[in-house]
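Peer 1: Have a look at this one before I ask anything.
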Amino acid sequence: MSAAALPLSPPLRPQLASIGLIASVLVTLGVFLSGFVISEPAPYELFMVGLIGIWAILGLRISRSVAPLLALYLTFNIGGMLSLTVMTDMADGPMYVAVSLFLALSSVFFAAIIEAKQQRLQLIFRAWVASALITSALGILGYFNAFPGSEAFTLYDRAKGAFQDPNVFGPFLVAPALYLMYGLLANRLAQAPANIAGLLVIALGLFLSFSRAAWALFLFSAVALVLVMLLKERTGAFRLKILALSIAAVGLMMIGLAIALQVPQVADLFSSRTQLVQDYDGGHLGRFARHRLGFLMSMENPLGIGPMVFSTIFPEDEHNIWLKSLTSYGWLGFLCYLTLVIWTLWAGFRNLLLNRPWQPYLMVAYIAFVGHTAIGFVIDTDHWRHFYLIVGILWGCFALEHRHRKRRTSEQ
């Protein structure tokens, strides 16, 4: 018998248990810090770089199930490195690619540790909810100038919480909101008040971000979650419960919206932001014009034009993840990103309704991923930390499913 196969001696078992507990606590803290990105490098980057480095030294295992994610992201970033070669002035280009590489490795890291221990899924989502509640509360308090200096949590009269941009703050809140919604619909009614309270805080913070992409993402995700749960749970009693709670939740949110609109500054900004096409969307060199011109320009630049170069040619950034992948990562990066999105969408769809312990987490992450993929046509999600977390969660669940099927096949 090899040494690896020998049973652990009793003195070693408590030590390994303690190490596992510390590791899970550190992962939880890392996810929690993802909600506080006022400046860069943020505490999240500093903490996660150290955590990933230590874990890699101590033995981070990349399985065959997670290896494709690593390969796609590394090739994607090779495209980014190649795009640097066409820049006349690199400026912050190398740092941009370095951050991209770190975020890619963070996604692979989360997938690997979830595959190693599926219980970490619950810790990850609970930490994400806690972070979302605090940063939402900061955004709400800042919007209403609740204390001196609270304006630090707003930008252009929009709540941004502990983020640099309301357009990132809003989408960050969607997955935690979905997790609370799932708990509200799936758990006992005795737990409903806590879920409803948390959901209202997050929903108000999301609303006050006045991000049209975040609003659309939340609306789509909430409806999709209810529909998927109705497909999965086909008993009449459960469907009635979902219907009743959904109506109650929508009613409470409508009441909250009506109350918020009584504030003149909220009503004015809401009226402005609900216009489908803003001046900076359809005007001369607006968002949509930049998309068209940017794609035409990318067809003539196989290596891209380099990170953050687009805004030196046009009035603003790309505001489109597909165009961003072409300009900052070249054709190679674009093909890798397209492959990653299609692979993730297909694998998630295949596993969405399976009866597994990790299925609720996969469901929430998959719906959020689909929504983020959709809003990527009008916004740049390239360096959104929570998007890489979503991808890591999904691929971790895919790896768990692959191992489950392999084990079941070997037992037959």
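Note on naming: chains are A, B, ... as they come in the structure tokens, residues start from 1 per chain, ligands start from 1 in the order shown.
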List the spatial neighbours of Glu45 (chain A) as a list in words - criterion: any atom at most 9 Å away, only C-alpha atoms, same-chain residues fewer than 4 positions off excluded.
Peer 2: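 Residues near the query, excluding close chain neighbours: Gly30, Leu33, Ser34, Glu40, Pro41, Val49, Gly50, Val99, Phe102 and Leu103 of chain A.
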Peer 1: Any chance you could export the current selection's N, CA and C atoms as a PDB file, in the first residue's frame?
Peer 2:
```
ATOM      1  N   GLY A  30     -12.354  36.550   1.269  1.00  0.00           N
ATOM      2  CA  GLY A  30     -12.023  37.048  -0.060  1.00  0.00           C
ATOM      3  C   GLY A  30     -13.260  37.449  -0.842  1.00  0.00           C
ATOM      4  N   LEU A  33     -14.761  40.697   0.463  1.00  0.00           N
ATOM      5  CA  LEU A  33     -14.021  41.897   0.083  1.00  0.00           C
ATOM      6  C   LEU A  33     -14.319  42.337  -1.347  1.00  0.00           C
ATOM      7  N   SER A  34     -14.911  41.455  -2.161  1.00  0.00           N
ATOM      8  CA  SER A  34     -15.198  41.813  -3.553  1.00  0.00           C
ATOM      9  C   SER A  34     -16.226  42.925  -3.662  1.00  0.00           C
ATOM     10  N   GLU A  40      -8.178  51.259  -6.612  1.00  0.00           N
ATOM     11  CA  GLU A  40      -7.404  50.127  -7.109  1.00  0.00           C
ATOM     12  C   GLU A  40      -5.918  50.386  -6.876  1.00  0.00           C
ATOM     13  N   PRO A  41      -5.159  49.358  -6.465  1.00  0.00           N
ATOM     14  CA  PRO A  41      -5.654  48.010  -6.195  1.00  0.00           C
ATOM     15  C   PRO A  41      -6.514  47.973  -4.934  1.00  0.00           C
ATOM     16  N   VAL A  49      -4.560  37.784  -4.281  1.00  0.00           N
ATOM     17  CA  VAL A  49      -3.251  37.438  -4.836  1.00  0.00           C
ATOM     18  C   VAL A  49      -2.475  36.587  -3.839  1.00  0.00           C
ATOM     19  N   GLY A  50      -2.477  37.021  -2.569  1.00  0.00           N
ATOM     20  CA  GLY A  50      -1.790  36.244  -1.535  1.00  0.00           C
ATOM     21  C   GLY A  50      -2.427  34.886  -1.324  1.00  0.00           C
ATOM     22  N   VAL A  99      -3.946  42.787 -14.568  1.00  0.00           N
ATOM     23  CA  VAL A  99      -5.201  42.643 -13.818  1.00  0.00           C
ATOM     24  C   VAL A  99      -6.095  41.595 -14.483  1.00  0.00           C
ATOM     25  N   PHE A 102      -4.821  38.224 -13.500  1.00  0.00           N
ATOM     26  CA  PHE A 102      -5.173  37.918 -12.117  1.00  0.00           C
ATOM     27  C   PHE A 102      -6.629  37.492 -11.994  1.00  0.00           C
ATOM     28  N   LEU A 103      -7.529  38.243 -12.639  1.00  0.00           N
ATOM     29  CA  LEU A 103      -8.949  37.911 -12.564  1.00  0.00           C
ATOM     30  C   LEU A 103      -9.228  36.545 -13.189  1.00  0.00           C
TER      31      LEU A 103
END
```
Peer 1: Using only C-alpha atoms, which of the listed residues (A:Leu293, A:Tyr182, A:Gly80, A:Trp343) sits closest to Ile305 (chain A)?
Peer 2: A:Gly80
Peer 1: Compile the contact shell of Pro171 (chain A) as a list of chain:residue names: residues with an atom at most 8 Å away, counting only C-alpha atoms, same-chain residues fewer than 5 positions apart removed.
Peer 2: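 Here the qualifying residues turn out to be A:Leu206, A:Ala213, A:Ala214, A:Leu217, A:Phe218.
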Peer 1: Could you give me, as a VMD selection string, the residues within 12 Å of Tyr156 (chain A), counting only C-alpha atoms and dropping anything in the same chain fewer than 3 positions from it?
Peer 2: chain A and resid 142 to 143 151 to 153 159 to 160 164 to 167 208 to 211 265 269
Peer 1: Among region 107-170 of chain A, which residues carry a DSSP assignment of helix (DSSP H, G or I), reported as a ChimeraX atom specification?
Peer 2: /A:107-116,120-143,150-153,166-170
Peer 1: For region 107-185 of chain A versus region 403-412 of chain A, which residues have an atom no more than 12 Å away, and what is each residue's nearest atom pair and distance in Å rounded to one decimal, using only C-alpha atoms, chain-then-number order, as a tab-separated table?
Peer 2:
```
residue	atom	partner	partner_atom	distance
A:Glu115	CA	A:Arg403	CA	8.7
A:Ala116	CA	A:Arg403	CA	10.5
A:Gln118	CA	A:Arg403	CA	11.6
```
Peer 1: Here is a test: counting only C-alpha atoms, which residue of A:Ile78, A:Ala23, A:Val250, A:Ala192 is nearest to Ile54 (chain A)?
Peer 2: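 Of all the options, A:Ala23 lies closest to Ile54 (chain A).
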Peer 1: For Trp395 (chain A), which residue among A:Phe169, A:Phe76, A:Phe334, A:Phe110 is the nearest when counting only C-alpha atoms?
Peer 2: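 For Trp395 (chain A), the nearest of the given residues is A:Phe110.
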Peer 1: Please provide as a ChimeraX atom specification all residues within 8 Å of Ser65 (chain A), with the sequence filter that same-chain residues fewer than 4 positions apart are discarded (counting only C-alpha atoms).
Peer 2: /A:395,398-399,402
Peer 1: Any chance you could export the current selection's all heavy atoms as a PDB file, in the first residue's frame?
Peer 2:
```
ATOM      1  N   TRP A 395     -18.110  26.731 -13.366  1.00  0.00           N
ATOM      2  CA  TRP A 395     -17.169  25.677 -13.753  1.00  0.00           C
ATOM      3  C   TRP A 395     -16.844  24.751 -12.582  1.00  0.00           C
ATOM      4  O   TRP A 395     -16.572  23.567 -12.789  1.00  0.00           O
ATOM      5  CB  TRP A 395     -15.909  26.301 -14.345  1.00  0.00           C
ATOM      6  CG  TRP A 395     -16.116  26.685 -15.779  1.00  0.00           C
ATOM      7  CD1 TRP A 395     -16.811  27.759 -16.249  1.00  0.00           C
ATOM      8  CD2 TRP A 395     -15.652  25.978 -16.935  1.00  0.00           C
ATOM      9  NE1 TRP A 395     -16.822  27.767 -17.621  1.00  0.00           N
ATOM     10  CE2 TRP A 395     -16.110  26.695 -18.071  1.00  0.00           C
ATOM     11  CE3 TRP A 395     -14.893  24.829 -17.127  1.00  0.00           C
ATOM     12  CZ2 TRP A 395     -15.832  26.287 -19.384  1.00  0.00           C
ATOM     13  CZ3 TRP A 395     -14.610  24.425 -18.427  1.00  0.00           C
ATOM     14  CH2 TRP A 395     -15.072  25.143 -19.528  1.00  0.00           C
ATOM     15  N   PHE A 398     -19.708  22.430 -12.744  1.00  0.00           N
ATOM     16  CA  PHE A 398     -19.533  21.495 -13.864  1.00  0.00           C
ATOM     17  C   PHE A 398     -18.570  20.380 -13.465  1.00  0.00           C
ATOM     18  O   PHE A 398     -18.776  19.193 -13.806  1.00  0.00           O
ATOM     19  CB  PHE A 398     -18.980  22.216 -15.099  1.00  0.00           C
ATOM     20  CG  PHE A 398     -19.845  23.327 -15.608  1.00  0.00           C
ATOM     21  CD1 PHE A 398     -19.313  24.302 -16.446  1.00  0.00           C
ATOM     22  CD2 PHE A 398     -21.191  23.423 -15.273  1.00  0.00           C
ATOM     23  CE1 PHE A 398     -20.104  25.337 -16.927  1.00  0.00           C
ATOM     24  CE2 PHE A 398     -21.994  24.454 -15.748  1.00  0.00           C
ATOM     25  CZ  PHE A 398     -21.432  25.416 -16.583  1.00  0.00           C
ATOM     26  N   ALA A 399     -17.508  20.746 -12.761  1.00  0.00           N
ATOM     27  CA  ALA A 399     -16.521  19.749 -12.321  1.00  0.00           C
ATOM     28  C   ALA A 399     -17.135  18.784 -11.318  1.00  0.00           C
ATOM     29  O   ALA A 399     -16.858  17.576 -11.353  1.00  0.00           O
ATOM     30  CB  ALA A 399     -15.310  20.456 -11.712  1.00  0.00           C
ATOM     31  N   HIS A 402     -19.230  16.348 -13.298  1.00  0.00           N
ATOM     32  CA  HIS A 402     -18.398  15.383 -14.022  1.00  0.00           C
ATOM     33  C   HIS A 402     -17.897  14.304 -13.073  1.00  0.00           C
ATOM     34  O   HIS A 402     -17.913  13.102 -13.407  1.00  0.00           O
ATOM     35  CB  HIS A 402     -17.217  16.101 -14.677  1.00  0.00           C
ATOM     36  CG  HIS A 402     -16.314  15.185 -15.441  1.00  0.00           C
ATOM     37  ND1 HIS A 402     -15.166  14.635 -14.884  1.00  0.00           N
ATOM     38  CD2 HIS A 402     -16.379  14.713 -16.717  1.00  0.00           C
ATOM     39  CE1 HIS A 402     -14.576  13.865 -15.785  1.00  0.00           C
ATOM     40  NE2 HIS A 402     -15.281  13.906 -16.898  1.00  0.00           N
TER      41      HIS A 402
END
```
Peer 1: Which neighbours of Val341 (chain A) fall inside 12 Å, counting only C-alpha atoms, when residues of the same chain fewer than 2 positions from it are skipped, and could you give them as a PDB file with N, CA and C atoms, in the first residue's frame?
Peer 2:
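To be explicit, this is the file written out as part-v7.pdb:
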```pdb
ATOM      1  N   LEU A  69     -11.031  25.695 -18.672  1.00  0.00           N
ATOM      2  CA  LEU A  69     -11.228  27.086 -18.251  1.00  0.00           C
ATOM      3  C   LEU A  69      -9.882  27.791 -18.147  1.00  0.00           C
ATOM      4  N   LEU A  72      -8.473  28.365 -21.734  1.00  0.00           N
ATOM      5  CA  LEU A  72      -9.159  29.437 -22.453  1.00  0.00           C
ATOM      6  C   LEU A  72      -8.765  30.813 -21.925  1.00  0.00           C
ATOM      7  N   TYR A  73      -8.709  30.934 -20.604  1.00  0.00           N
ATOM      8  CA  TYR A  73      -8.366  32.230 -20.030  1.00  0.00           C
ATOM      9  C   TYR A  73      -6.905  32.598 -20.284  1.00  0.00           C
ATOM     10  N   ILE A 321     -18.645  44.277 -24.421  1.00  0.00           N
ATOM     11  CA  ILE A 321     -17.607  43.301 -24.084  1.00  0.00           C
ATOM     12  C   ILE A 321     -17.061  42.599 -25.319  1.00  0.00           C
ATOM     13  N   TRP A 322     -17.888  42.428 -26.349  1.00  0.00           N
ATOM     14  CA  TRP A 322     -17.420  41.764 -27.568  1.00  0.00           C
ATOM     15  C   TRP A 322     -16.444  42.666 -28.318  1.00  0.00           C
ATOM     16  N   PHE A 334     -10.864  37.365 -28.768  1.00  0.00           N
ATOM     17  CA  PHE A 334     -12.293  37.323 -29.095  1.00  0.00           C
ATOM     18  C   PHE A 334     -12.769  35.882 -29.266  1.00  0.00           C
ATOM     19  N   LEU A 335     -12.009  35.065 -30.014  1.00  0.00           N
ATOM     20  CA  LEU A 335     -12.396  33.664 -30.225  1.00  0.00           C
ATOM     21  C   LEU A 335     -12.402  32.886 -28.916  1.00  0.00           C
ATOM     22  N   CYS A 336     -11.451  33.154 -28.037  1.00  0.00           N
ATOM     23  CA  CYS A 336     -11.416  32.478 -26.733  1.00  0.00           C
ATOM     24  C   CYS A 336     -12.612  32.870 -25.886  1.00  0.00           C
ATOM     25  N   TYR A 337     -12.926  34.166 -25.894  1.00  0.00           N
ATOM     26  CA  TYR A 337     -14.065  34.626 -25.096  1.00  0.00           C
ATOM     27  C   TYR A 337     -15.368  34.048 -25.637  1.00  0.00           C
ATOM     28  N   LEU A 338     -15.522  34.053 -26.951  1.00  0.00           N
ATOM     29  CA  LEU A 338     -16.720  33.483 -27.564  1.00  0.00           C
ATOM     30  C   LEU A 338     -16.851  32.008 -27.215  1.00  0.00           C
ATOM     31  N   THR A 339     -15.743  31.270 -27.281  1.00  0.00           N
ATOM     32  CA  THR A 339     -15.753  29.845 -26.939  1.00  0.00           C
ATOM     33  C   THR A 339     -16.139  29.633 -25.486  1.00  0.00           C
ATOM     34  N   TRP A 343     -19.482  27.624 -24.406  1.00  0.00           N
ATOM     35  CA  TRP A 343     -19.252  26.406 -23.610  1.00  0.00           C
ATOM     36  C   TRP A 343     -19.984  26.506 -22.277  1.00  0.00           C
ATOM     37  N   THR A 344     -19.867  27.651 -21.613  1.00  0.00           N
ATOM     38  CA  THR A 344     -20.496  27.826 -20.298  1.00  0.00           C
ATOM     39  C   THR A 344     -22.017  27.810 -20.409  1.00  0.00           C
ATOM     40  N   LEU A 345     -22.544  28.470 -21.437  1.00  0.00           N
ATOM     41  CA  LEU A 345     -23.996  28.479 -21.622  1.00  0.00           C
ATOM     42  C   LEU A 345     -24.530  27.070 -21.869  1.00  0.00           C
ATOM     43  N   TRP A 346     -23.845  26.308 -22.705  1.00  0.00           N
ATOM     44  CA  TRP A 346     -24.305  24.963 -23.037  1.00  0.00           C
ATOM     45  C   TRP A 346     -24.186  24.021 -21.836  1.00  0.00           C
ATOM     46  N   ALA A 347     -23.039  24.028 -21.174  1.00  0.00           N
ATOM     47  CA  ALA A 347     -22.839  23.138 -20.020  1.00  0.00           C
ATOM     48  C   ALA A 347     -23.820  23.488 -18.899  1.00  0.00           C
ATOM     49  N   GLY A 348     -24.041  24.768 -18.675  1.00  0.00           N
ATOM     50  CA  GLY A 348     -24.979  25.166 -17.634  1.00  0.00           C
ATOM     51  C   GLY A 348     -26.401  24.757 -17.957  1.00  0.00           C
ATOM     52  N   TYR A 366     -25.960  30.523 -13.024  1.00  0.00           N
ATOM     53  CA  TYR A 366     -26.209  30.403 -14.460  1.00  0.00           C
ATOM     54  C   TYR A 366     -27.132  31.510 -14.951  1.00  0.00           C
ATOM     55  N   PHE A 369     -25.195  34.598 -15.087  1.00  0.00           N
ATOM     56  CA  PHE A 369     -24.257  34.570 -16.214  1.00  0.00           C
ATOM     57  C   PHE A 369     -24.973  34.888 -17.525  1.00  0.00           C
ATOM     58  N   VAL A 370     -26.125  34.300 -17.732  1.00  0.00           N
ATOM     59  CA  VAL A 370     -26.896  34.582 -18.954  1.00  0.00           C
ATOM     60  C   VAL A 370     -27.226  36.073 -19.031  1.00  0.00           C
ATOM     61  N   GLY A 371     -27.659  36.634 -17.911  1.00  0.00           N
ATOM     62  CA  GLY A 371     -27.986  38.052 -17.889  1.00  0.00           C
ATOM     63  C   GLY A 371     -26.781  38.936 -18.152  1.00  0.00           C
ATOM     64  N   HIS A 372     -25.647  38.598 -17.543  1.00  0.00           N
ATOM     65  CA  HIS A 372     -24.434  39.382 -17.762  1.00  0.00           C
ATOM     66  C   HIS A 372     -23.969  39.269 -19.214  1.00  0.00           C
ATOM     67  N   THR A 373     -24.137  38.096 -19.810  1.00  0.00           N
ATOM     68  CA  THR A 373     -23.778  37.932 -21.217  1.00  0.00           C
ATOM     69  C   THR A 373     -24.630  38.840 -22.097  1.00  0.00           C
ATOM     70  N   ALA A 374     -25.894  38.971 -21.744  1.00  0.00           N
ATOM     71  CA  ALA A 374     -26.806  39.819 -22.527  1.00  0.00           C
ATOM     72  C   ALA A 374     -26.446  41.296 -22.396  1.00  0.00           C
ATOM     73  N   GLY A 376     -23.713  42.477 -21.773  1.00  0.00           N
ATOM     74  CA  GLY A 376     -22.381  42.706 -22.324  1.00  0.00           C
ATOM     75  C   GLY A 376     -22.405  43.357 -23.693  1.00  0.00           C
ATOM     76  N   PHE A 387     -18.069  38.966 -12.043  1.00  0.00           N
ATOM     77  CA  PHE A 387     -18.336  38.150 -13.228  1.00  0.00           C
ATOM     78  C   PHE A 387     -17.388  36.951 -13.269  1.00  0.00           C
ATOM     79  N   TYR A 388     -16.133  37.174 -12.941  1.00  0.00           N
ATOM     80  CA  TYR A 388     -15.175  36.071 -12.895  1.00  0.00           C
ATOM     81  C   TYR A 388     -15.531  35.096 -11.773  1.00  0.00           C
ATOM     82  N   VAL A 391     -18.301  32.878 -13.185  1.00  0.00           N
ATOM     83  CA  VAL A 391     -17.735  31.856 -14.075  1.00  0.00           C
ATOM     84  C   VAL A 391     -17.065  30.753 -13.264  1.00  0.00           C
ATOM     85  N   LEU A 394     -19.700  28.440 -11.733  1.00  0.00           N
ATOM     86  CA  LEU A 394     -20.293  27.548 -12.727  1.00  0.00           C
ATOM     87  C   LEU A 394     -19.354  26.410 -13.097  1.00  0.00           C
ATOM     88  N   TRP A 395     -18.110  26.731 -13.366  1.00  0.00           N
ATOM     89  CA  TRP A 395     -17.169  25.677 -13.753  1.00  0.00           C
ATOM     90  C   TRP A 395     -16.844  24.751 -12.582  1.00  0.00           C
TER      91      TRP A 395
END
```
Peer 1: Would you please extract all strand (DSSP E or B) residues from region 87-192 of chain A, as assigned by DSSP on the backbone, and give them as a list in words?
Peer 2: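 Those in region 87-192 of chain A that DSSP calls strand (DSSP E or B) are Thr154, Leu155, Arg158, Ala159 and Phe163 of chain A.
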Peer 1: With N, CA, C and O atoms retained, export the selected residues as a compact mmCIF listing (two decimals), in the first residue's frame.
Peer 2:
```txt
# COMPACT_ATOMS: atom_id res chain seq x y z
N THR A 154 -21.62 57.89 -3.59
CA THR A 154 -22.45 58.23 -4.74
C THR A 154 -21.57 58.80 -5.85
O THR A 154 -20.44 59.23 -5.60
N LEU A 155 -22.11 58.81 -7.05
CA LEU A 155 -21.42 59.39 -8.21
C LEU A 155 -22.47 59.89 -9.18
O LEU A 155 -23.37 59.12 -9.57
N ARG A 158 -25.97 59.26 -8.22
CA ARG A 158 -26.38 57.85 -8.27
C ARG A 158 -25.63 57.07 -7.20
O ARG A 158 -24.44 57.30 -6.96
N ALA A 159 -26.32 56.13 -6.56
CA ALA A 159 -25.67 55.31 -5.54
C ALA A 159 -24.64 54.40 -6.20
O ALA A 159 -24.90 53.79 -7.23
N PHE A 163 -18.12 51.06 -4.45
CA PHE A 163 -17.57 50.80 -5.78
C PHE A 163 -17.16 52.13 -6.41
O PHE A 163 -17.54 53.20 -5.93
```
Peer 1: My list of candidates is A:Met299, A:Leu332, A:Leu219, A:Cys397. Which is closest to Leu74 (chain A) when distances are computed with only C-alpha atoms?
Peer 2: A:Leu332
Peer 1: One decimal, Å: what's the distance from CA of Val97 (chain A) over to CA of Met48 (chain A), could you say?
Peer 2: 17.0 Å
Peer 1: Find the residues around region 126-129 of chain A up to 12 Å (only C-alpha atoms counted), leave out those fewer than 3 positions away in its own chain, and share them as an NGL selection string.
Peer 2: :A and (24-36 or 119-123 or 132-136 or 172-181 or 183 or 195 or 198-199 or 201-202 or 361 or 385-386 or 389-390)
Peer 1: Counting only C-alpha atoms, figure out which residue out of A:Leu204, A:Val86, A:Ala186, A:Leu354 gets nearest to Met254 (chain A).
Peer 2: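 Answer, going by the shortest atom-to-atom distance: A:Leu204.
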Peer 1: Please compute the CA of Phe47 (chain A)-CA of Ile140 (chain A) distance, one decimal, in Å.
Peer 2: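 Atom-to-atom, CA of Phe47 (chain A) and CA of Ile140 (chain A) are spaced 26.9 Å apart.
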Peer 1: Could you tell me how far CA of Val266 (chain A) sits from CA of Leu141 (chain A), in Å to one decimal place?
Peer 2: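 CA of Val266 (chain A) lies 13.7 Å from CA of Leu141 (chain A).
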